[in-house]
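Trainee: What follows is coords-v6.cif; its format and atoms are mmCIF, C-alpha atoms.
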data_structure
loop_
_atom_site.label_atom_id
_atom_site.label_comp_id
_atom_site.auth_asym_id
_atom_site.auth_seq_id
_atom_site.Cartn_x
_atom_site.Cartn_y
_atom_site.Cartn_z
CA MET A 714 32.86 -49.16 70.53
CA PRO A 715 34.49 -47.38 67.55
CA MET A 716 32.22 -46.47 64.66
CA SER A 717 32.50 -48.47 61.43
CA SER A 718 33.71 -46.68 58.32
CA HIS A 719 30.58 -48.09 56.68
CA GLU A 720 28.18 -45.86 58.60
CA THR A 721 27.85 -42.23 59.54
CA PHE A 722 27.42 -40.85 63.07
CA ASN A 723 24.28 -41.63 65.05
CA ALA A 724 21.77 -39.51 66.97
CA GLU A 725 23.63 -39.97 70.25
CA SER A 726 26.67 -38.16 68.82
CA ALA A 727 24.62 -35.46 67.06
CA VAL A 728 23.33 -32.13 68.33
CA GLU A 729 20.06 -30.32 67.73
CA LEU A 730 20.81 -27.93 64.87
CA ALA A 731 17.32 -26.57 64.16
CA VAL A 732 13.67 -26.94 65.08
CA ILE A 733 10.45 -26.40 63.15
CA GLU A 734 7.96 -24.22 64.98
CA ARG A 735 4.30 -24.19 63.91
CA SER A 736 1.75 -22.01 65.70
CA GLY A 737 4.00 -21.71 68.74
CA PHE A 738 4.54 -25.48 68.95
CA ILE A 739 7.85 -27.20 68.15
CA GLU A 740 6.74 -29.79 65.59
CA SER A 741 10.04 -31.28 64.37
CA ARG A 742 13.71 -31.30 65.30
CA HIS A 743 16.72 -31.61 63.00
CA VAL A 744 19.81 -33.12 64.61
CA GLY A 745 23.19 -33.39 62.97
CA ALA A 746 26.74 -32.15 63.05
CA ALA A 747 28.55 -29.06 61.82
CA VAL A 748 32.03 -27.62 61.86
CA LEU A 749 33.45 -24.15 61.29
CA ILE A 750 37.14 -23.79 60.52
CA ALA A 751 39.35 -20.74 60.17
CA GLY A 752 41.43 -19.99 57.12
CA ASP A 753 44.41 -21.80 58.63
CA GLY A 754 42.39 -24.99 58.99
CA SER A 755 41.96 -24.80 62.76
CA VAL A 756 38.58 -25.71 64.23
CA VAL A 757 36.64 -22.71 65.52
CA THR A 758 33.31 -24.41 66.27
CA ARG A 759 32.58 -28.10 66.64
CA LEU A 760 28.98 -29.33 66.90
CA GLY A 761 28.44 -33.07 67.09
CA ASP A 762 30.67 -35.70 65.55
CA ILE A 763 32.65 -33.96 62.81
CA ASP A 764 35.15 -36.80 62.41
CA ALA A 765 32.71 -39.52 61.37
CA PRO A 766 32.42 -40.24 57.64
CA VAL A 767 29.51 -38.85 55.64
CA PHE A 768 28.71 -39.35 52.00
CA ALA A 769 29.56 -35.84 50.77
CA ARG A 770 27.28 -36.26 47.73
CA SER A 771 27.18 -33.28 45.35
CA THR A 772 29.42 -31.11 47.51
CA LEU A 773 32.23 -33.09 45.85
CA LYS A 774 31.47 -31.73 42.39
CA PRO A 775 34.08 -28.93 42.45
CA PHE A 776 36.75 -31.57 43.15
CA GLN A 777 35.37 -33.81 40.41
CA ALA A 778 35.46 -30.84 38.03
CA LEU A 779 39.04 -30.12 39.10
CA ALA A 780 40.02 -33.69 38.25
CA SER A 781 38.46 -33.27 34.79
CA MET A 782 40.34 -30.01 34.26
CA GLN A 783 43.59 -31.59 35.42
CA SER A 784 42.92 -34.26 32.78
CA GLY A 785 43.11 -31.60 30.08
CA VAL A 786 39.50 -30.40 29.80
CA PRO A 787 39.60 -26.68 28.83
CA LEU A 788 36.51 -25.58 30.76
CA ARG A 789 35.79 -21.85 30.74
CA GLY A 790 33.33 -19.55 32.49
CA ALA A 791 29.84 -20.99 32.87
CA GLN A 792 31.14 -24.40 31.77
CA VAL A 793 33.26 -24.55 34.94
CA ALA A 794 30.33 -23.54 37.12
CA VAL A 795 27.88 -26.00 35.60
CA ALA A 796 30.43 -28.82 35.96
CA CYS A 797 30.51 -27.97 39.68
CA GLY A 798 26.77 -27.57 39.88
CA SER A 799 23.57 -29.28 40.89
CA HIS A 800 21.51 -27.28 38.43
CA THR A 801 17.78 -26.88 37.90
CA GLY A 802 17.89 -27.92 34.24
CA SER A 803 17.01 -24.50 32.82
CA LEU A 804 17.33 -23.86 29.10
CA ASP A 805 20.56 -21.97 29.82
CA HIS A 806 21.94 -24.89 31.81
CA MET A 807 21.11 -27.35 29.05
CA ASP A 808 22.62 -25.07 26.41
CA VAL A 809 25.93 -24.89 28.31
CA VAL A 810 26.05 -28.67 28.78
CA GLU A 811 25.16 -29.28 25.13
CA GLY A 812 28.02 -26.99 24.12
CA MET A 813 30.41 -28.99 26.30
CA LEU A 814 29.34 -32.23 24.64
CA LYS A 815 29.79 -30.72 21.19
CA ALA A 816 33.29 -29.50 22.09
CA ALA A 817 34.12 -32.99 23.36
CA GLY A 818 32.84 -34.60 20.17
CA VAL A 819 30.17 -36.68 21.93
CA ARG A 820 26.38 -36.68 22.10
CA GLU A 821 23.73 -36.59 24.80
CA GLU A 822 23.26 -40.35 24.63
CA HIS A 823 26.85 -40.80 25.81
CA LEU A 824 25.92 -39.27 29.16
CA GLN A 825 25.40 -41.97 31.79
CA CYS A 826 23.37 -39.84 34.17
CA PRO A 827 19.62 -40.61 34.09
CA ALA A 828 17.17 -38.70 31.92
CA ALA A 829 14.97 -36.35 33.95
CA TRP A 830 12.39 -33.62 33.85
CA PRO A 831 14.04 -30.30 34.73
CA GLN A 832 13.21 -28.59 37.99
CA ASP A 833 12.99 -25.35 36.01
CA GLU A 834 9.35 -24.87 34.94
CA THR A 835 10.10 -23.03 31.69
CA ALA A 836 12.44 -25.77 30.53
CA ARG A 837 10.00 -28.48 31.58
CA SER A 838 7.19 -26.83 29.63
CA TRP A 839 9.43 -26.58 26.56
CA LEU A 840 10.33 -30.27 26.74
CA VAL A 841 6.65 -31.17 27.02
CA ARG A 842 5.50 -28.86 24.20
CA SER A 843 8.25 -30.05 21.88
CA ASP A 844 7.50 -33.73 22.64
CA ARG A 845 11.13 -34.25 23.60
CA GLY A 846 10.30 -35.80 26.96
CA GLN A 847 12.81 -36.29 29.73
CA SER A 848 16.39 -35.37 28.93
CA LYS A 849 19.78 -36.33 30.27
CA LEU A 850 20.80 -32.70 29.75
CA ALA A 851 18.18 -31.71 32.35
CA PHE A 852 19.53 -34.02 35.05
CA ASN A 853 21.15 -31.90 37.76
CA CYS A 854 24.55 -33.60 37.35
CA SER A 855 24.75 -33.36 33.57
CA GLY A 856 27.50 -30.72 33.65
CA LYS A 857 29.74 -32.95 35.73
CA HIS A 858 29.11 -35.88 33.40
CA ALA A 859 29.80 -33.76 30.32
CA ALA A 860 33.14 -32.76 31.83
CA PHE A 861 33.87 -36.43 32.56
CA LEU A 862 33.21 -37.37 28.94
CA TRP A 863 35.34 -34.49 27.70
CA ALA A 864 38.22 -35.72 29.88
CA CYS A 865 37.87 -39.13 28.24
CA THR A 866 38.00 -37.77 24.69
CA GLU A 867 41.00 -35.60 25.56
CA ASN A 868 42.92 -38.63 26.81
CA GLY A 869 41.60 -41.46 24.64
CA TRP A 870 39.98 -43.12 27.66
CA ASP A 871 37.04 -45.48 27.34
CA LEU A 872 33.71 -43.62 27.25
CA ARG A 873 31.53 -46.53 28.31
CA SER A 874 33.27 -47.15 31.63
CA TYR A 875 33.89 -43.55 32.74
CA LEU A 876 31.92 -44.06 35.96
CA GLU A 877 33.76 -47.19 37.06
CA PRO A 878 35.93 -46.62 40.18
CA ASN A 879 38.98 -48.11 38.43
CA HIS A 880 38.66 -45.81 35.39
CA PRO A 881 41.70 -43.48 35.07
CA LEU A 882 39.48 -40.42 35.50
CA GLN A 883 37.80 -41.71 38.68
CA GLN A 884 41.21 -42.60 40.09
CA ARG A 885 42.22 -38.98 39.55
CA VAL A 886 38.99 -37.76 41.18
CA ARG A 887 39.81 -39.84 44.23
CA SER A 888 43.33 -38.41 44.42
CA VAL A 889 42.04 -34.83 44.17
CA ILE A 890 39.46 -35.36 46.93
CA GLU A 891 42.03 -36.90 49.24
CA GLU A 892 44.60 -34.19 48.48
CA TYR A 893 42.26 -31.27 49.13
CA CYS A 894 40.40 -32.76 52.09
CA GLY A 895 43.60 -34.02 53.69
CA GLU A 896 42.38 -37.51 54.51
CA PRO A 897 41.80 -40.86 52.84
CA ILE A 898 38.35 -41.70 51.56
CA SER A 899 36.85 -44.11 54.08
CA HIS A 900 34.22 -45.65 51.83
CA LEU A 901 33.20 -45.42 48.18
CA GLY A 902 29.61 -45.76 47.03
CA ILE A 903 27.41 -44.89 44.05
CA ASP A 904 25.78 -41.46 43.90
CA GLY A 905 22.30 -40.75 42.54
CA CYS A 906 23.75 -39.92 39.12
CA GLY A 907 25.70 -43.19 38.97
CA ALA A 908 29.13 -41.68 39.66
CA PRO A 909 31.33 -42.83 42.55
CA VAL A 910 30.67 -40.90 45.77
CA ALA A 911 33.19 -40.62 48.59
CA ALA A 912 32.65 -40.81 52.33
CA ILE A 913 34.84 -38.33 54.19
CA SER A 914 34.57 -36.42 57.45
CA LEU A 915 32.88 -33.04 57.81
CA ILE A 916 36.14 -31.49 58.93
CA GLY A 917 37.90 -32.91 55.88
CA LEU A 918 35.16 -31.53 53.63
CA ALA A 919 35.41 -28.09 55.24
CA ARG A 920 39.19 -28.07 54.81
CA GLY A 921 38.85 -29.06 51.16
CA PHE A 922 36.51 -26.14 50.45
CA SER A 923 38.66 -23.78 52.49
CA ARG A 924 41.65 -24.57 50.30
CA LEU A 925 39.54 -24.22 47.16
CA ALA A 926 38.06 -20.87 48.20
CA LYS A 927 41.48 -19.40 49.05
CA SER A 928 42.99 -20.43 45.71
CA PRO A 929 42.28 -17.19 43.76
CA GLY A 930 44.26 -15.16 46.28
CA ASP A 931 47.14 -17.62 46.66
CA PRO A 932 49.90 -17.34 44.02
CA SER A 933 51.10 -20.83 44.91
CA ALA A 934 47.66 -22.45 44.49
CA ASN A 935 46.62 -24.66 41.61
CA ALA A 936 45.49 -22.32 38.83
CA ARG A 937 42.60 -24.61 37.89
CA ALA A 938 41.35 -24.61 41.48
CA ALA A 939 41.44 -20.81 41.39
CA THR A 940 39.44 -20.90 38.15
CA ILE A 941 36.82 -23.10 39.80
CA ALA A 942 36.38 -20.82 42.82
CA THR A 943 36.26 -17.71 40.63
CA SER A 944 33.85 -19.20 38.11
CA MET A 945 31.41 -20.42 40.76
CA LEU A 946 31.18 -16.86 42.09
CA ASP A 947 31.09 -15.27 38.63
CA TYR A 948 28.40 -17.63 37.29
CA PRO A 949 26.40 -18.65 40.38
CA TRP A 950 23.26 -19.24 38.30
CA ALA A 951 25.09 -22.08 36.56
CA VAL A 952 25.89 -23.80 39.87
CA GLN A 953 22.25 -24.12 40.90
CA GLY A 954 19.78 -21.76 39.23
CA ARG A 955 18.50 -18.20 39.25
CA GLY A 956 16.74 -17.47 42.54
CA GLU A 957 17.97 -20.69 44.17
CA SER A 958 19.56 -20.82 47.62
CA ASN A 959 23.19 -21.49 46.64
CA THR A 960 22.98 -18.90 43.88
CA ILE A 961 21.70 -16.17 46.19
CA VAL A 962 24.38 -16.90 48.80
CA MET A 963 27.14 -16.61 46.20
CA GLU A 964 25.64 -13.51 44.59
CA GLU A 965 25.05 -11.59 47.82
CA LEU A 966 27.79 -12.79 50.16
CA ASP A 967 30.70 -13.76 47.86
CA VAL A 968 30.76 -17.13 49.65
CA LEU A 969 31.15 -20.45 47.84
CA ALA A 970 28.03 -22.52 48.49
CA LYS A 971 27.42 -26.11 47.48
CA ILE A 972 24.53 -28.23 48.61
CA GLY A 973 24.52 -32.02 48.58
CA ALA A 974 21.73 -34.55 48.89
CA GLU A 975 20.84 -36.02 52.28
CA GLY A 976 21.30 -32.82 54.27
CA VAL A 977 24.85 -31.77 53.35
CA LEU A 978 26.01 -28.18 52.76
CA VAL A 979 29.45 -26.58 52.53
CA LEU A 980 30.19 -22.84 52.60
CA ALA A 981 33.58 -21.16 52.25
CA THR A 982 34.74 -17.53 52.17
CA PRO A 983 37.65 -16.19 50.08
CA THR A 984 39.75 -16.02 53.27
CA GLY A 985 39.21 -19.73 53.86
CA ALA A 986 36.69 -19.69 56.69
CA ALA A 987 34.52 -22.71 55.92
CA VAL A 988 31.49 -24.56 57.28
CA ALA A 989 30.36 -28.12 56.60
CA VAL A 990 26.93 -29.26 57.80
CA LYS A 991 25.24 -32.67 57.81
CA VAL A 992 21.63 -32.98 58.95
CA LEU A 993 21.22 -36.55 60.09
CA ASP A 994 17.70 -37.11 58.78
CA GLY A 995 18.80 -36.01 55.28
CA ASN A 996 16.58 -32.92 55.09
CA VAL A 997 18.28 -29.85 53.60
CA ARG A 998 15.82 -27.15 54.72
CA ALA A 999 17.84 -26.06 57.78
CA THR A 1000 21.33 -26.32 56.30
CA ALA A 1001 21.70 -22.75 55.02
CA LEU A 1002 20.31 -21.29 58.26
CA VAL A 1003 22.80 -23.28 60.33
CA GLY A 1004 25.80 -22.82 58.05
CA LEU A 1005 25.42 -19.08 57.51
CA THR A 1006 24.77 -18.53 61.22
CA LEU A 1007 28.06 -20.24 62.07
CA LEU A 1008 29.93 -17.99 59.63
CA ALA A 1009 28.19 -14.86 60.92
CA ALA A 1010 28.71 -15.74 64.59
CA SER A 1011 32.44 -16.00 63.98
CA GLY A 1012 32.62 -12.68 62.15
CA ALA A 1013 33.59 -14.36 58.87
CA VAL A 1014 30.68 -12.69 57.06
CA ASP A 1015 28.59 -9.61 57.78
CA VAL A 1016 25.68 -10.34 60.14
CA ALA A 1017 23.29 -7.88 58.50
CA ALA A 1018 24.03 -9.27 55.03
CA VAL A 1019 23.47 -12.83 56.27
CA SER A 1020 20.14 -11.83 57.84
CA SER A 1021 19.02 -10.32 54.55
CA VAL A 1022 19.97 -13.46 52.64
CA LEU A 1023 18.30 -15.78 55.14
CA GLU A 1024 15.05 -13.84 54.76
CA ARG A 1025 15.12 -14.74 51.08
CA ILE A 1026 16.22 -18.39 51.20
CA VAL A 1027 14.72 -19.87 54.38
CA GLU A 1028 11.20 -20.98 53.59
CA PRO A 1029 8.47 -20.10 56.10
CA VAL A 1030 6.25 -22.69 57.74
CA LEU A 1031 2.87 -22.26 56.07
CA GLY A 1032 -0.69 -22.87 57.09
CA GLY A 1033 -3.52 -22.03 54.72
CA GLY A 1034 -1.06 -20.23 52.47
CA ARG A 1035 0.25 -17.87 55.15
CA ALA A 1036 3.22 -18.01 57.49
CA VAL A 1037 2.29 -19.65 60.80
CA GLY A 1038 5.76 -20.63 61.99
CA ARG A 1039 9.41 -20.78 61.11
CA ILE A 1040 12.57 -22.81 61.07
CA ARG A 1041 14.71 -21.63 63.94
CA LEU A 1042 18.08 -22.50 65.34
CA GLY A 1043 18.50 -25.25 67.87
CA HIS A 1044 20.09 -24.32 71.17
CA ALA A 1045 23.51 -25.66 70.19
CA VAL A 1046 23.68 -23.10 67.36
CA SER A 1047 21.75 -20.18 68.86
CA ALA A 1048 24.04 -20.25 71.91
CA LEU A 1049 26.88 -19.13 69.63
CA LEU A 1050 25.09 -15.82 69.08
CA ASP A 1051 24.99 -14.88 72.77
#
What would you get if you wrote out this structure as structure tokens?

Mentor:
Amino acid sequence: MPMSSHETFNAESAVELAVIERSGFIESRHVGAAVLIAGDGSVVTRLGDIDAPVFARSTLKPFQALASMQSGVPLRGAQVAVACGSHTGSLDHMDVVEGMLKAAGVREEHLQCPAAWPQDETARSWLVRSDRGQSKLAFNCSGKHAAFLWACTENGWDLRSYLEPNHPLQQRVRSVIEEYCGEPISHLGIDGCGAPVAAISLIGLARGFSRLAKSPGDPSANARAATIATSMLDYPWAVQGRGESNTIVMEELDVLAKIGAEGVLVLATPTGAAVAVKVLDGNVRATALVGLTLLAASGAVDVAAVSSVLERIVEPVLGGGRAVGRIRLGHAVSALLD
């Protein structure tokens, strides 16, 4: 029976991507799907059902930022990166977003993302000490929303309805996603920040990031797409946060990295080799291990450099405050290293 466009793949069409080992005992298993494509868009490695739709969640932010820029928003430098980011709400992040709002002629209360405590401890302490409380600026999607509002003020579009699917900006977002990913959106939902979120296939997502990552070296590419890829690598702290997984990958490997909620991760090299991963149970802890291993196994990135990065970003399994186990590759992925 064909799968409905209103659901993602199931466990029967998934593979074991990673396992959690504690004290020599396999405690948990993460199943999912992953795809690695070459720079020409051809599939190099296929694990599980890569054609089924998944909600791509925050991995879509670079395309949403591109739609804002194509609507006339003059983003520059860290502004571009934070518009593409799922940030930790540091003081630097909030400063950049506040500057975007000021340039757009709007205020924090115009943001329609929820107010939140920042993940960043320094920023959280400052909000508590100053009696400011939770802030919309601290929400991890505030950069994207600030860019959305700026697009509205540039075009005279309604500010109150900027998240509605039929809003001119969201129509442009949809067109950009479909253009870059090379397939129609199969389902549209509401993301955690309130914005529309698209369901597309993993292979479509990988191809979209491949095209984006190649843009700086392609004279025929969209100049704004090239700016996005360059800015994410130039300001990786603005995409997630200093010391965070995506930031370290971009700093050390020169690879675009964008995590999404519910176990989604996309990676792409400047030559267009790209990986898209979806862990079916929604846990993100194995995504970087799986994605970077696929790139390294294909020769798209240096194996030693990947090993060094994984040592920094893959959290150990702890017992009593010391390492008693590890996340390790499932057989479907480890077999690629033989």

Trainee: Grab the CA of Thr1000 in chain A to CA of Val977 in chain A distance for me, in Å with one decimal place.

Mentor: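 According to the coordinates, CA of Thr1000 in chain A and CA of Val977 in chain A are separated by 7.1 Å.
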
Trainee: Applied to the shown file, which residues does the PyMOL selection byres ((chain A and resi 809) around 12) return, written as a ChimeraX atom specification?

Mentor: /A:788-796,798,800,802-808,810-816,850-851,855-857,859-860,948,950-952

Trainee: Near range 753-770 of chain A, within 6 Å and counting only C-alpha atoms, which residues show up once chain neighbours fewer than 5 positions away are dropped, as a PyMOL selection string?

Mentor: chain A and resi 721-722+726-728+746-748+911-916+973-974

Trainee: Hey, what comes out of the PyMOL selection byres ((chain A and resi 1034-1038) around 10) on this file? Could you write it as a JSON list (two decimals) with C-alpha atoms, keeping the file's coordinate frame?

Mentor:
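Saved as out_2.json:
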[["chain", "number", "residue", "atom", "x", "y", "z"],
["A", 733, "ILE", "CA", 10.45, -26.40, 63.15],
["A", 734, "GLU", "CA", 7.96, -24.22, 64.98],
["A", 735, "ARG", "CA", 4.30, -24.19, 63.91],
["A", 736, "SER", "CA", 1.75, -22.01, 65.70],
["A", 737, "GLY", "CA", 4.00, -21.71, 68.74],
["A", 738, "PHE", "CA", 4.54, -25.48, 68.95],
["A", 739, "ILE", "CA", 7.85, -27.20, 68.15],
["A", 740, "GLU", "CA", 6.74, -29.79, 65.59],
["A", 1028, "GLU", "CA", 11.20, -20.98, 53.59],
["A", 1029, "PRO", "CA", 8.47, -20.10, 56.10],
["A", 1030, "VAL", "CA", 6.25, -22.69, 57.74],
["A", 1031, "LEU", "CA", 2.87, -22.26, 56.07],
["A", 1032, "GLY", "CA", -0.69, -22.87, 57.09],
["A", 1033, "GLY", "CA", -3.52, -22.03, 54.72],
["A", 1039, "ARG", "CA", 9.41, -20.78, 61.11],
["A", 1040, "ILE", "CA", 12.57, -22.81, 61.07],
["A", 1041, "ARG", "CA", 14.71, -21.63, 63.94]]

Trainee: So the first atom is CA of Glu834 in chain A and the second is CA of Cys854 in chain A; what is the distance between them in Å, to one decimal place?

Mentor: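 So the two atoms, CA of Glu834 in chain A and CA of Cys854 in chain A, lie 17.7 Å apart.
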
Trainee: The PyMOL selection byres ((chain A and resi 1023) around 12) on the file shown: which residues, as an mmCIF file with C-alpha atoms, in the coordinates of the input?

Mentor:
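That gives us result.cif:
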data_model
loop_
_atom_site.group_PDB
_atom_site.id
_atom_site.type_symbol
_atom_site.label_atom_id
_atom_site.label_comp_id
_atom_site.auth_asym_id
_atom_site.auth_seq_id
_atom_site.Cartn_x
_atom_site.Cartn_y
_atom_site.Cartn_z
ATOM 1 C CA SER A 958 19.560 -20.820 47.620
ATOM 2 C CA ASN A 959 23.190 -21.490 46.640
ATOM 3 C CA ILE A 961 21.700 -16.170 46.190
ATOM 4 C CA VAL A 962 24.380 -16.900 48.800
ATOM 5 C CA GLU A 965 25.050 -11.590 47.820
ATOM 6 C CA LEU A 966 27.790 -12.790 50.160
ATOM 7 C CA ARG A 998 15.820 -27.150 54.720
ATOM 8 C CA ALA A 999 17.840 -26.060 57.780
ATOM 9 C CA THR A 1000 21.330 -26.320 56.300
ATOM 10 C CA ALA A 1001 21.700 -22.750 55.020
ATOM 11 C CA LEU A 1002 20.310 -21.290 58.260
ATOM 12 C CA VAL A 1003 22.800 -23.280 60.330
ATOM 13 C CA GLY A 1004 25.800 -22.820 58.050
ATOM 14 C CA LEU A 1005 25.420 -19.080 57.510
ATOM 15 C CA THR A 1006 24.770 -18.530 61.220
ATOM 16 C CA ALA A 1009 28.190 -14.860 60.920
ATOM 17 C CA VAL A 1016 25.680 -10.340 60.140
ATOM 18 C CA ALA A 1017 23.290 -7.880 58.500
ATOM 19 C CA ALA A 1018 24.030 -9.270 55.030
ATOM 20 C CA VAL A 1019 23.470 -12.830 56.270
ATOM 21 C CA SER A 1020 20.140 -11.830 57.840
ATOM 22 C CA SER A 1021 19.020 -10.320 54.550
ATOM 23 C CA VAL A 1022 19.970 -13.460 52.640
ATOM 24 C CA GLU A 1024 15.050 -13.840 54.760
ATOM 25 C CA ARG A 1025 15.120 -14.740 51.080
ATOM 26 C CA ILE A 1026 16.220 -18.390 51.200
ATOM 27 C CA VAL A 1027 14.720 -19.870 54.380
ATOM 28 C CA GLU A 1028 11.200 -20.980 53.590
ATOM 29 C CA PRO A 1029 8.470 -20.100 56.100
ATOM 30 C CA ARG A 1039 9.410 -20.780 61.110
ATOM 31 C CA ILE A 1040 12.570 -22.810 61.070
ATOM 32 C CA ARG A 1041 14.710 -21.630 63.940
#

Trainee: What would range 990-1029 of chain A look like if you wrote it out as a tab-separated table (two decimals), in the first residue's frame, with C-alpha atoms included, from the block I just posted?

Mentor:
chain	number	residue	atom	x	y	z
A	990	VAL	CA	19.33	12.43	8.05
A	991	LYS	CA	16.03	11.75	9.82
A	992	VAL	CA	16.00	9.76	13.06
A	993	LEU	CA	12.54	8.30	13.31
A	994	ASP	CA	12.09	8.68	17.07
A	995	GLY	CA	12.90	12.41	16.81
A	996	ASN	CA	16.10	12.30	18.89
A	997	VAL	CA	18.96	14.40	17.47
A	998	ARG	CA	21.86	12.92	19.49
A	999	ALA	CA	23.03	10.53	16.75
A	1000	THR	CA	22.48	12.77	13.72
A	1001	ALA	CA	25.93	14.37	13.54
A	1002	LEU	CA	27.68	11.02	14.05
A	1003	VAL	CA	25.69	9.46	11.21
A	1004	GLY	CA	25.83	12.42	8.84
A	1005	LEU	CA	29.54	13.13	9.18
A	1006	THR	CA	30.37	9.43	8.89
A	1007	LEU	CA	28.53	9.26	5.57
A	1008	LEU	CA	30.51	12.24	4.26
A	1009	ALA	CA	33.81	10.82	5.51
A	1010	ALA	CA	33.15	7.32	4.16
A	1011	SER	CA	32.64	8.78	0.69
A	1012	GLY	CA	35.81	10.85	0.83
A	1013	ALA	CA	33.87	14.13	0.75
A	1014	VAL	CA	35.58	15.31	3.94
A	1015	ASP	CA	38.81	14.35	5.68
A	1016	VAL	CA	38.40	11.32	7.95
A	1017	ALA	CA	40.88	12.53	10.58
A	1018	ALA	CA	39.23	15.95	10.75
A	1019	VAL	CA	35.80	14.35	11.14
A	1020	SER	CA	37.08	12.11	13.94
A	1021	SER	CA	38.43	15.15	15.77
A	1022	VAL	CA	35.13	16.98	15.43
A	1023	LEU	CA	33.08	13.98	16.54
A	1024	GLU	CA	35.16	13.72	19.70
A	1025	ARG	CA	34.02	17.24	20.56
A	1026	ILE	CA	30.34	17.10	19.61
A	1027	VAL	CA	29.16	13.56	20.35
A	1028	GLU	CA	28.20	13.39	24.00
A	1029	PRO	CA	29.39	10.38	26.01
